[in-house]
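Asks: Structure: entry13.txt, compact mmCIF, C-alpha atoms.
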```txt
# COMPACT_ATOMS: atom_id res chain seq x y z
CA MET A 1 50.20 42.70 -2.47
CA ILE A 2 50.13 40.81 0.84
CA LYS A 3 53.94 40.89 0.95
CA LYS A 4 53.89 44.66 0.41
CA ILE A 5 51.42 45.17 3.25
CA ALA A 6 53.46 42.92 5.51
CA LEU A 7 56.64 44.86 4.68
CA ILE A 8 54.97 48.20 5.37
CA PHE A 9 53.65 46.81 8.67
CA LEU A 10 57.11 45.65 9.72
CA LEU A 11 58.65 49.01 8.82
CA CYS A 12 56.01 50.82 10.86
CA MET A 13 56.57 48.51 13.83
CA ASN A 14 60.33 49.05 13.67
CA THR A 15 59.81 52.81 13.62
CA ILE A 16 57.50 52.62 16.65
CA LEU A 17 59.90 50.36 18.57
CA PHE A 18 62.83 52.65 17.76
CA ALA A 19 60.88 55.69 18.96
CA GLN A 20 59.88 53.92 22.16
CA ASN A 21 63.46 52.85 22.83
CA THR A 22 64.71 56.40 22.22
CA GLN A 23 62.16 57.74 24.70
CA LYS A 24 63.58 55.39 27.32
CA LEU A 25 67.13 56.73 27.07
CA MET A 26 68.33 58.36 30.27
CA LYS A 27 68.63 61.77 28.60
CA ASN A 28 64.88 61.63 27.92
CA ILE A 29 63.98 60.48 31.44
CA VAL A 30 66.04 62.97 33.45
CA SER A 31 63.84 65.96 34.33
CA GLU A 32 64.29 69.24 32.51
CA TYR A 33 67.25 71.26 33.70
CA THR A 34 66.75 74.69 35.21
CA TYR A 35 68.43 76.17 32.14
CA PRO A 36 68.14 74.91 28.54
CA ALA A 37 70.61 72.18 27.62
CA LYS A 38 72.56 72.34 24.38
CA SER A 39 74.75 69.66 22.84
CA ILE A 40 78.04 69.46 20.97
CA SER A 41 79.80 66.56 19.28
CA ILE A 42 83.23 65.67 20.67
CA ASP A 43 85.07 62.50 19.63
CA SER A 44 81.78 61.00 18.37
CA LEU A 45 80.23 61.74 21.78
CA GLU A 46 77.19 63.94 22.27
CA ILE A 47 78.10 66.22 25.15
CA SER A 48 75.25 68.09 26.79
CA TYR A 49 75.93 71.44 28.43
CA ILE A 50 74.30 74.55 29.86
CA MET A 51 75.48 78.01 28.79
CA GLU A 52 74.18 81.15 30.49
CA GLY A 53 75.45 84.71 30.81
CA LYS A 54 77.77 86.77 28.59
CA GLY A 55 80.67 87.93 30.75
CA ALA A 56 84.27 88.21 29.54
CA THR A 57 85.30 85.59 32.10
CA THR A 58 84.05 82.03 31.65
CA LEU A 59 83.15 79.89 34.65
CA LEU A 60 83.36 76.25 33.57
CA PHE A 61 81.68 73.81 35.99
CA LEU A 62 82.42 70.07 36.29
CA HIS A 63 79.99 68.01 38.41
CA GLY A 64 80.72 65.08 40.71
CA LEU A 65 79.95 61.37 40.70
CA SER A 66 76.33 60.40 39.90
CA SER A 67 75.49 64.05 39.23
CA ASN A 68 74.93 66.32 36.22
CA ALA A 69 75.14 69.91 34.98
CA ASP A 70 71.89 70.94 36.70
CA ALA A 71 73.60 70.50 40.07
CA TRP A 72 75.15 73.95 39.49
CA SER A 73 71.83 75.73 38.84
CA LYS A 74 71.84 77.67 42.13
CA ASN A 75 75.32 78.97 41.39
CA ILE A 76 74.61 79.82 37.76
CA GLU A 77 71.46 81.69 38.82
CA THR A 78 73.60 84.39 40.45
CA LEU A 79 76.94 84.12 38.66
CA LYS A 80 75.46 84.39 35.14
CA ASN A 81 74.84 88.08 35.84
CA ASN A 82 78.57 88.81 35.59
CA TYR A 83 80.13 85.78 33.88
CA THR A 84 79.64 83.33 31.06
CA CYS A 85 78.63 80.17 32.91
CA ILE A 86 79.00 76.75 31.32
CA ALA A 87 78.21 73.45 33.05
CA LEU A 88 78.55 70.21 31.13
CA ASP A 89 77.30 66.69 31.63
CA LEU A 90 80.44 64.62 31.69
CA PRO A 91 80.30 61.52 29.44
CA GLY A 92 78.26 58.77 31.10
CA TYR A 93 76.13 61.25 33.05
CA GLY A 94 73.00 63.36 32.61
CA LYS A 95 72.10 63.89 28.98
CA SER A 96 75.54 63.12 27.50
CA SER A 97 76.57 59.98 25.63
CA MET A 98 77.65 56.77 27.31
CA LEU A 99 80.38 54.59 25.86
CA ASN A 100 82.40 51.58 26.92
CA VAL A 101 85.50 53.59 27.85
CA ASP A 102 87.73 54.13 30.88
CA TYR A 103 86.14 57.00 32.79
CA THR A 104 89.37 58.40 34.22
CA PRO A 105 90.24 61.96 35.27
CA SER A 106 92.41 62.14 32.13
CA PHE A 107 89.45 61.15 29.95
CA PHE A 108 87.19 63.78 31.51
CA ALA A 109 89.99 66.37 31.25
CA SER A 110 90.51 65.61 27.57
CA ILE A 111 86.80 65.88 26.72
CA THR A 112 86.50 69.14 28.67
CA HIS A 113 89.60 70.58 27.02
CA GLN A 114 88.18 69.78 23.59
CA LEU A 115 84.96 71.54 24.60
CA ILE A 116 87.00 74.61 25.61
CA LYS A 117 88.61 74.65 22.17
CA LYS A 118 85.43 73.93 20.20
CA LEU A 119 83.47 76.67 21.96
CA ASP A 120 86.53 78.96 21.83
CA LEU A 121 86.25 79.75 25.54
CA LYS A 122 88.43 82.52 26.91
CA ASN A 123 89.54 83.54 30.42
CA VAL A 124 88.43 80.19 31.84
CA VAL A 125 88.01 79.71 35.57
CA LEU A 126 87.61 75.97 36.09
CA ILE A 127 85.29 74.89 38.92
CA GLY A 128 85.11 71.21 39.86
CA HIS A 129 83.13 69.41 42.54
CA SER A 130 84.20 66.09 44.08
CA MET A 131 85.05 63.78 41.15
CA GLY A 132 84.91 66.86 38.94
CA GLY A 133 87.51 68.40 41.25
CA GLN A 134 89.97 65.60 40.57
CA ALA A 135 89.30 65.90 36.83
CA SER A 136 89.85 69.67 37.15
CA ILE A 137 93.24 69.14 38.77
CA LYS A 138 94.20 66.87 35.87
CA LEU A 139 92.94 69.43 33.32
CA ALA A 140 94.64 72.40 34.98
CA THR A 141 98.01 70.63 35.16
CA THR A 142 97.81 69.09 31.68
CA TYR A 143 96.64 72.23 29.86
CA PRO A 144 97.78 75.06 32.17
CA LYS A 145 97.68 77.78 29.49
CA ASP A 146 93.94 77.25 28.96
CA ILE A 147 92.92 77.64 32.62
CA GLN A 148 93.19 81.05 34.25
CA LYS A 149 92.16 80.12 37.80
CA LEU A 150 91.08 76.93 39.56
CA ILE A 151 88.28 76.39 42.09
CA LEU A 152 87.96 73.01 43.81
CA ILE A 153 84.80 72.32 45.80
CA ALA A 154 85.01 69.32 48.15
CA PRO A 155 87.46 67.81 45.65
CA ALA A 156 88.53 64.22 45.34
CA GLY A 157 92.27 63.83 44.82
CA LEU A 158 93.66 65.49 47.95
CA GLU A 159 93.02 62.41 50.08
CA THR A 160 95.12 59.37 49.24
CA PHE A 161 94.54 55.63 49.61
CA GLN A 162 96.80 52.62 49.97
CA LYS A 163 96.81 50.10 47.12
CA GLU A 164 94.95 47.57 49.28
CA GLN A 165 92.30 50.13 50.18
CA ALA A 166 91.80 51.07 46.52
CA ASN A 167 91.49 47.42 45.53
CA PHE A 168 88.93 46.85 48.28
CA MET A 169 86.79 49.77 47.08
CA LYS A 170 86.95 48.62 43.47
CA THR A 171 85.86 45.15 44.55
CA ALA A 172 83.10 46.37 46.87
CA TYR A 173 81.50 48.75 44.37
CA THR A 174 80.12 46.87 41.38
CA THR A 175 77.72 47.64 38.56
CA ALA A 176 75.19 45.34 40.22
CA THR A 177 75.54 47.27 43.50
CA VAL A 178 74.63 50.53 41.77
CA LYS A 179 71.91 48.99 39.62
CA ASN A 180 70.15 47.30 42.54
CA THR A 181 70.17 50.28 44.90
CA SER A 182 66.73 50.46 46.53
CA ASP A 183 64.67 53.65 46.63
CA GLU A 184 65.22 53.85 50.39
CA GLN A 185 68.99 53.60 49.93
CA ILE A 186 68.89 56.25 47.21
CA VAL A 187 67.33 58.70 49.67
CA HIS A 188 69.92 57.74 52.31
CA ASN A 189 72.80 58.19 49.84
CA TYR A 190 71.64 61.67 48.90
CA ALA A 191 71.16 62.63 52.53
CA LEU A 192 74.83 61.80 53.13
CA ASN A 193 75.75 64.62 50.74
CA PHE A 194 74.24 67.28 52.99
CA TYR A 195 74.40 68.60 56.53
CA LYS A 196 70.61 68.91 56.31
CA LEU A 197 68.84 67.51 53.24
CA PRO A 198 67.27 70.50 51.40
CA GLU A 199 63.70 70.15 50.15
CA ASP A 200 64.72 71.05 46.60
CA ALA A 201 67.15 68.12 46.52
CA GLN A 202 64.03 66.00 45.95
CA LYS A 203 64.39 66.63 42.20
CA MET A 204 67.76 64.83 42.25
CA ILE A 205 66.31 61.96 44.26
CA ASP A 206 63.31 61.59 41.96
CA ASP A 207 65.56 61.60 38.89
CA ARG A 208 67.82 58.94 40.39
CA LYS A 209 64.79 56.72 41.00
CA GLN A 210 63.35 57.30 37.53
CA ILE A 211 66.51 56.59 35.55
CA LYS A 212 66.36 52.98 36.70
CA ASN A 213 63.80 52.64 33.89
CA ALA A 214 66.19 53.92 31.21
CA SER A 215 67.21 51.54 28.44
CA ASN A 216 70.85 52.60 28.94
CA PHE A 217 70.80 52.54 32.75
CA ASP A 218 73.28 49.65 32.80
CA ALA A 219 75.75 51.79 30.83
CA HIS A 220 75.30 54.61 33.35
CA CYS A 221 75.93 52.22 36.26
CA GLU A 222 79.05 51.01 34.46
CA ALA A 223 80.18 54.64 34.04
CA ILE A 224 79.85 55.22 37.80
CA ILE A 225 81.90 52.13 38.66
CA LYS A 226 84.54 52.96 36.07
CA SER A 227 84.65 56.57 37.35
CA ILE A 228 85.39 55.32 40.88
CA ALA A 229 88.08 52.99 39.54
CA GLY A 230 89.44 55.81 37.40
CA MET A 231 89.89 58.11 40.39
CA LEU A 232 91.61 55.35 42.38
CA ASP A 233 93.82 54.18 39.52
CA GLU A 234 94.82 57.69 38.47
CA PRO A 235 95.60 59.68 41.63
CA VAL A 236 96.53 63.34 41.22
CA PHE A 237 98.19 63.97 44.58
CA ASP A 238 101.68 64.18 43.07
CA GLN A 239 100.44 66.75 40.56
CA LEU A 240 99.13 69.17 43.19
CA LYS A 241 102.56 70.80 43.36
CA ASP A 242 102.38 71.36 39.59
CA ILE A 243 99.26 73.54 39.78
CA THR A 244 100.35 76.96 38.55
CA GLN A 245 96.97 78.69 38.74
CA LYS A 246 95.75 80.65 41.70
CA THR A 247 93.46 78.15 43.45
CA LEU A 248 90.45 78.32 45.76
CA VAL A 249 89.43 75.23 47.73
CA ILE A 250 86.01 75.16 49.42
CA PHE A 251 84.75 72.52 51.85
CA GLY A 252 81.52 72.06 53.72
CA LYS A 253 82.65 71.82 57.33
CA GLU A 254 80.38 68.81 57.98
CA ASP A 255 81.31 66.89 54.83
CA LYS A 256 80.49 63.20 55.51
CA LEU A 257 82.08 61.85 52.31
CA ILE A 258 85.50 63.50 52.09
CA PRO A 259 87.61 62.42 53.82
CA ASN A 260 86.68 58.73 53.85
CA ARG A 261 86.17 58.06 57.57
CA TYR A 262 86.45 54.29 57.15
CA PHE A 263 89.88 54.20 55.52
CA ASN A 264 91.24 57.47 56.93
CA PRO A 265 89.66 57.81 60.41
CA THR A 266 92.30 60.28 61.60
CA LEU A 267 91.61 62.72 58.77
CA SER A 268 89.14 65.58 59.04
CA THR A 269 87.88 68.09 56.49
CA GLU A 270 90.21 70.64 58.08
CA LYS A 271 93.19 68.32 57.68
CA VAL A 272 92.34 67.68 54.02
CA GLY A 273 92.25 71.46 53.58
CA ASN A 274 95.70 71.61 55.15
CA ILE A 275 96.93 69.14 52.52
CA ALA A 276 95.85 71.66 49.90
CA LYS A 277 97.77 74.41 51.73
CA GLU A 278 100.89 72.26 51.88
CA GLN A 279 100.85 70.99 48.30
CA ILE A 280 99.39 73.80 46.16
CA LYS A 281 101.62 76.84 45.69
CA ASN A 282 99.06 79.64 45.56
CA VAL A 283 95.95 78.49 47.39
CA GLN A 284 93.12 79.86 49.49
CA VAL A 285 91.14 77.36 51.57
CA GLU A 286 87.66 78.12 52.90
CA SER A 287 85.30 76.08 55.08
CA ILE A 288 81.57 76.77 55.28
CA PRO A 289 79.81 75.72 58.51
CA GLU A 290 76.57 73.72 58.65
CA SER A 291 77.09 72.29 55.19
CA GLY A 292 78.09 68.96 53.76
CA HIS A 293 79.72 67.51 50.66
CA PHE A 294 77.28 69.21 48.29
CA VAL A 295 78.14 72.59 49.76
CA GLN A 296 77.53 74.59 46.54
CA PHE A 297 73.92 73.38 46.51
CA GLU A 298 73.32 73.53 50.26
CA LYS A 299 74.91 76.96 50.79
CA PRO A 300 74.88 78.56 47.33
CA ASN A 301 74.93 82.17 48.52
CA GLN A 302 78.10 81.70 50.56
CA VAL A 303 79.79 79.72 47.81
CA ASN A 304 78.80 82.26 45.15
CA VAL A 305 80.28 85.11 47.19
CA LEU A 306 83.54 83.21 47.61
CA ILE A 307 83.67 82.41 43.90
CA GLU A 308 83.02 86.01 42.86
CA GLN A 309 85.54 87.46 45.32
CA PHE A 310 88.15 84.96 44.17
CA VAL A 311 87.53 85.53 40.45
CA GLU A 312 87.70 89.31 40.89
CA SER A 313 90.82 89.24 43.08
CA LYS A 314 94.03 90.43 41.44
CA GLU A 315 96.78 87.97 40.61
```
Would you give me this structure, written as structure tokens?

Replies:
Amino acid sequence: MIKKIALIFLLCMNTILFAQNTQKLMKNIVSEYTYPAKSISIDSLEISYIMEGKGATTLLFLHGLSSNADAWSKNIETLKNNYTCIALDLPGYGKSSMLNVDYTPSFFASITHQLIKKLDLKNVVLIGHSMGGQASIKLATTYPKDIQKLILIAPAGLETFQKEQANFMKTAYTTATVKNTSDEQIVHNYALNFYKLPEDAQKMIDDRKQIKNASNFDAHCEAIIKSIAGMLDEPVFDQLKDITQKTLVIFGKEDKLIPNRYFNPTLSTEKVGNIAKEQIKNVQVESIPESGHFVQFEKPNQVNVLIEQFVESKE
């Protein structure tokens, strides 16, 4: 009888501990998204995504480094009136699964392409920001028949780095560096993404502080470091000329992150835009004043107008 009671006690304790551990996962700590998040299984991964609107054209949004699907909420708010809007949490971010994999542009492109097929998405306009921009270039050139048009917002991948520069960045940015970022530095890092830090960016800042308590925070930090390495190890510059889709590139004129001023001090946002004009066959480049790297969040109305005009423009 005593053994039975002891066994029941242990089973109850294990159930409680499991529940507590589940509650501490990052997906349960990140604040609720503006729109309800759904999930789909892809390659044994749980991929979280937002889906709003019912238009014939699908706008598929890929977020940047250390971000998530909710970063597109201000754009979806307007664009869902005319389009089907889908924003996913890339693996390693937001509410999606985290695995010990190489987080390369090819990996993100493959997962996103499988999502396109599983959800049977049609007339897809792919929209990528920063790291998501580089992944979008990889996706658009690898699976050109599945992408109708391409929109790159402050994209990584246009700017190039020497091998020594890439090695330095991979050495300088470590999992420990990300994990031990102080609250003060978190605020500073987010401020760098904007011309003027918006009040409603506080939600992002608060989330970034809170996820330090997640049981899988180390895995998220590892995903960030591997994502940086992935972008550096898998450049897409040589594939820009292979982009067949009509392409829109949008920059915030006061972007402090792209180009990298330390390694490429002679480059400006305008010059990076000129790279797009030189390398991409059918491209439109726009620059929005008084806005930074996170231009779609800082100036959503201007970005939404550009997106809608571009999507509706004839081939």

Asks: Between CA of Asp207 in chain A and CA of Leu25 in chain A, what is the distance, to one decimal in Å?

Replies: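 Going from CA of Asp207 in chain A over to CA of Leu25 in chain A, I get 12.9 Å.
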
Asks: Up to 12 Å from (78.0, 61.2, 20.1) in the file's coordinates: name the residues, counting all atoms listed in the file, as a PyMOL selection string.

Replies: chain A and resi 39-48+91-92+95-99+111

Asks: Tell me which protein, DNA and RNA residues are within 6 Å of Ala156 in chain A, counting all atoms listed in the file, leaving out same-chain ones fewer than 6 positions away, and put them as a ChimeraX atom specification.

Replies: /A:130-131,133-134

Asks: Given 6 Å of margin on each side, can you work out the centre and size in Å (one decimal) of an axis-aligned box holding every listed atom of range 224-234 of chain A, as AutoDock Vina command-line options?

Replies:
```
--center_x 87.3 --center_y 55.1 --center_z 39.2 --size_x 27.0 --size_y 18.0 --size_z 18.3
```

Asks: Name the closest residue to Ile307 in chain A among the candidates A:Leu62, A:Val30, A:Ala69, A:Leu150; distances are taken between atoms, counting all atoms listed in the file.

Replies: A:Leu150

Asks: Compare A:Glu234, A:Thr244, A:Met26, A:Ala229 by their minimum atom-to-atom distance to Val283 in chain A, counting only C-alpha atoms, and give me the closest one.

Replies: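 Ranked by minimum distance to Val283 in chain A, first place goes to A:Thr244.
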
Asks: Which range 15-120 of chain A residues have any atom within 7 Å of an atom of range 221-224 of chain A, and for each, what is the nearest pair of atoms with distance in Å to one decimal, counting all atoms listed in the file, rows sorted by chain and number, as a tab-separated table?

Replies:
```
residue	atom	partner	partner_atom	distance
A:Leu65	CA	A:Ile224	CA	6.8
A:Ser66	CA	A:Ile224	CA	6.6
A:Gly92	CA	A:Ala223	CA	5.4
A:Tyr103	CA	A:Ala223	CA	6.5
```

Asks: Would you mind telling me which residue in A:Lys27, A:Lys179, A:His293, A:Lys138 lies nearest to Pro105 in chain A when using all atoms listed in the file?

Replies: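 Answer, going by the shortest atom-to-atom distance: A:Lys138.
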
Asks: Name the closest residue to Lys209 in chain A among the candidates A:Ser73, A:Asn193, A:Thr171, A:Ser31; distances are taken between atoms, counting only C-alpha atoms.

Replies: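 Closest to Lys209 in chain A of all the choices is A:Ser31.
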